[in-house]
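Right, one structure below, let's go through it.
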Amino acid sequence: MSDHTQIKIFEEKKVRTIWDAEKEEWYFSVVAVVAVLTESDRPRKYSNDLKKKLQQEGSELSEK
């Protein structure tokens with residue numbers, strides 16, 4: 001694993017990360033964070049359902 005891509009451990013669960021040297025920011029896998037925060041056994045489905053609900057309410061999780 002390089003210095004730019006690492007696995008962080010949070011509450012004994014792995015969270016994928018990547019470092020953007022240009023912006024000097026860490027980025028975290030949304031699905032991995034959802035798994036940690038919700039303790040869901042299907043974090044990708046949970047994340048997709050949340051994204052759909054937010055879109056119906058007029059919110060966006062990412063820029064187009």
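How things are named: the first chain in the structure tokens is A, the next is B, and so on; residues count from 1 in each chain; ligands count from 1 in the order shown.
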- Message: I'd like to know which residues of chain A are alpha helix (DSSP H) (by DSSP, run on the backbone); could you write them as a PyMOL selection string?
- Response: chain A and resi 30-38+43-56
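DSSP on the backbone gives strand (DSSP E or B) for these parts of chain A: Thr5, Gln6, Ile7, Lys8, Ile9, Phe10, Lys13, Lys14, Val15, Arg16, Thr17, Ile18, Trp19, Asp20, Glu25, Trp26, Tyr27 and Phe28 of chain A.
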Written selection (N, CA and C atoms) as an mmCIF file, in the first residue's frame:
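The resulting file, part37.cif, is shown below:
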data_model
loop_
_atom_site.group_PDB
_atom_site.id
_atom_site.type_symbol
_atom_site.label_atom_id
_atom_site.label_comp_id
_atom_site.auth_asym_id
_atom_site.auth_seq_id
_atom_site.Cartn_x
_atom_site.Cartn_y
_atom_site.Cartn_z
ATOM 1 N N THR A 5 -2.572 5.725 -0.689
ATOM 2 C CA THR A 5 -3.741 4.873 -0.517
ATOM 3 C C THR A 5 -3.510 4.025 0.724
ATOM 4 N N GLN A 6 -4.413 4.144 1.681
ATOM 5 C CA GLN A 6 -4.237 3.413 2.922
ATOM 6 C C GLN A 6 -5.573 2.898 3.427
ATOM 7 N N ILE A 7 -5.486 1.957 4.339
ATOM 8 C CA ILE A 7 -6.660 1.474 5.056
ATOM 9 C C ILE A 7 -6.577 2.044 6.462
ATOM 10 N N LYS A 8 -7.612 2.726 6.881
ATOM 11 C CA LYS A 8 -7.693 3.244 8.247
ATOM 12 C C LYS A 8 -8.600 2.300 9.027
ATOM 13 N N ILE A 9 -8.339 2.175 10.307
ATOM 14 C CA ILE A 9 -9.172 1.337 11.162
ATOM 15 C C ILE A 9 -9.993 2.251 12.071
ATOM 16 N N PHE A 10 -11.304 2.051 12.057
ATOM 17 C CA PHE A 10 -12.208 2.810 12.917
ATOM 18 C C PHE A 10 -13.158 1.817 13.562
ATOM 19 N N LYS A 13 -13.118 -1.652 12.209
ATOM 20 C CA LYS A 13 -13.543 -1.881 10.828
ATOM 21 C C LYS A 13 -12.630 -1.110 9.894
ATOM 22 N N LYS A 14 -12.388 -1.669 8.719
ATOM 23 C CA LYS A 14 -11.507 -1.056 7.739
ATOM 24 C C LYS A 14 -12.248 0.006 6.931
ATOM 25 N N VAL A 15 -11.580 1.134 6.725
ATOM 26 C CA VAL A 15 -12.120 2.215 5.911
ATOM 27 C C VAL A 15 -11.059 2.574 4.872
ATOM 28 N N ARG A 16 -11.399 2.437 3.594
ATOM 29 C CA ARG A 16 -10.461 2.759 2.520
ATOM 30 C C ARG A 16 -10.313 4.270 2.393
ATOM 31 N N THR A 17 -9.078 4.713 2.189
ATOM 32 C CA THR A 17 -8.801 6.139 2.035
ATOM 33 C C THR A 17 -7.825 6.348 0.887
ATOM 34 N N ILE A 18 -7.802 7.575 0.390
ATOM 35 C CA ILE A 18 -6.811 7.965 -0.615
ATOM 36 C C ILE A 18 -6.428 9.409 -0.345
ATOM 37 N N TRP A 19 -5.152 9.714 -0.523
ATOM 38 C CA TRP A 19 -4.612 11.048 -0.276
ATOM 39 C C TRP A 19 -4.477 11.797 -1.599
ATOM 40 N N ASP A 20 -5.034 13.011 -1.663
ATOM 41 C CA ASP A 20 -4.867 13.888 -2.825
ATOM 42 C C ASP A 20 -3.797 14.904 -2.453
ATOM 43 N N GLU A 25 -5.697 16.678 0.885
ATOM 44 C CA GLU A 25 -6.898 16.197 1.570
ATOM 45 C C GLU A 25 -6.971 14.678 1.488
ATOM 46 N N TRP A 26 -7.523 14.080 2.530
ATOM 47 C CA TRP A 26 -7.835 12.650 2.511
ATOM 48 C C TRP A 26 -9.256 12.486 2.016
ATOM 49 N N TYR A 27 -9.487 11.439 1.229
ATOM 50 C CA TYR A 27 -10.826 11.067 0.801
ATOM 51 C C TYR A 27 -11.124 9.683 1.364
ATOM 52 N N PHE A 28 -12.362 9.481 1.806
ATOM 53 C CA PHE A 28 -12.764 8.235 2.431
ATOM 54 C C PHE A 28 -13.831 7.546 1.598
#
- To one decimal place, how far is CA of Gly58 (chain A) from CA of Leu37 (chain A) in Å?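 Between these atoms lies a distance of 23.5 Å.
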- Item | Residue neighbourhood Val36 (chain A), 8 Å, only C-alpha atoms, exclusion window fewer than 3 positions, as JSON, numbers by chain | {"A": [10, 11, 13, 32, 33, 39, 40]}
Contacts of Ser47 (chain A) within 8 Å, only C-alpha atoms, excl. fewer than 5 positions in-chain, as a compact mmCIF listing (two decimals) with all heavy atoms, in the first residue's frame:
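As a result, selection-v9.txt now contains:
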# COMPACT_ATOMS: atom_id res chain seq x y z
N VAL A 30 -17.17 6.15 0.88
CA VAL A 30 -18.48 6.41 1.46
C VAL A 30 -19.11 5.10 1.96
O VAL A 30 -19.66 5.05 3.06
CB VAL A 30 -19.41 7.10 0.44
CG1 VAL A 30 -20.84 7.17 0.96
CG2 VAL A 30 -18.88 8.47 0.11
N VAL A 31 -19.00 4.05 1.18
CA VAL A 31 -19.60 2.78 1.56
C VAL A 31 -18.96 2.25 2.85
O VAL A 31 -19.65 1.75 3.73
CB VAL A 31 -19.50 1.75 0.42
CG1 VAL A 31 -19.98 0.39 0.86
CG2 VAL A 31 -20.31 2.24 -0.78
N VAL A 34 -20.29 4.35 5.74
CA VAL A 34 -21.68 3.96 6.02
C VAL A 34 -21.70 2.65 6.81
O VAL A 34 -22.46 2.51 7.77
CB VAL A 34 -22.49 3.84 4.72
CG1 VAL A 34 -23.82 3.13 4.95
CG2 VAL A 34 -22.74 5.22 4.13
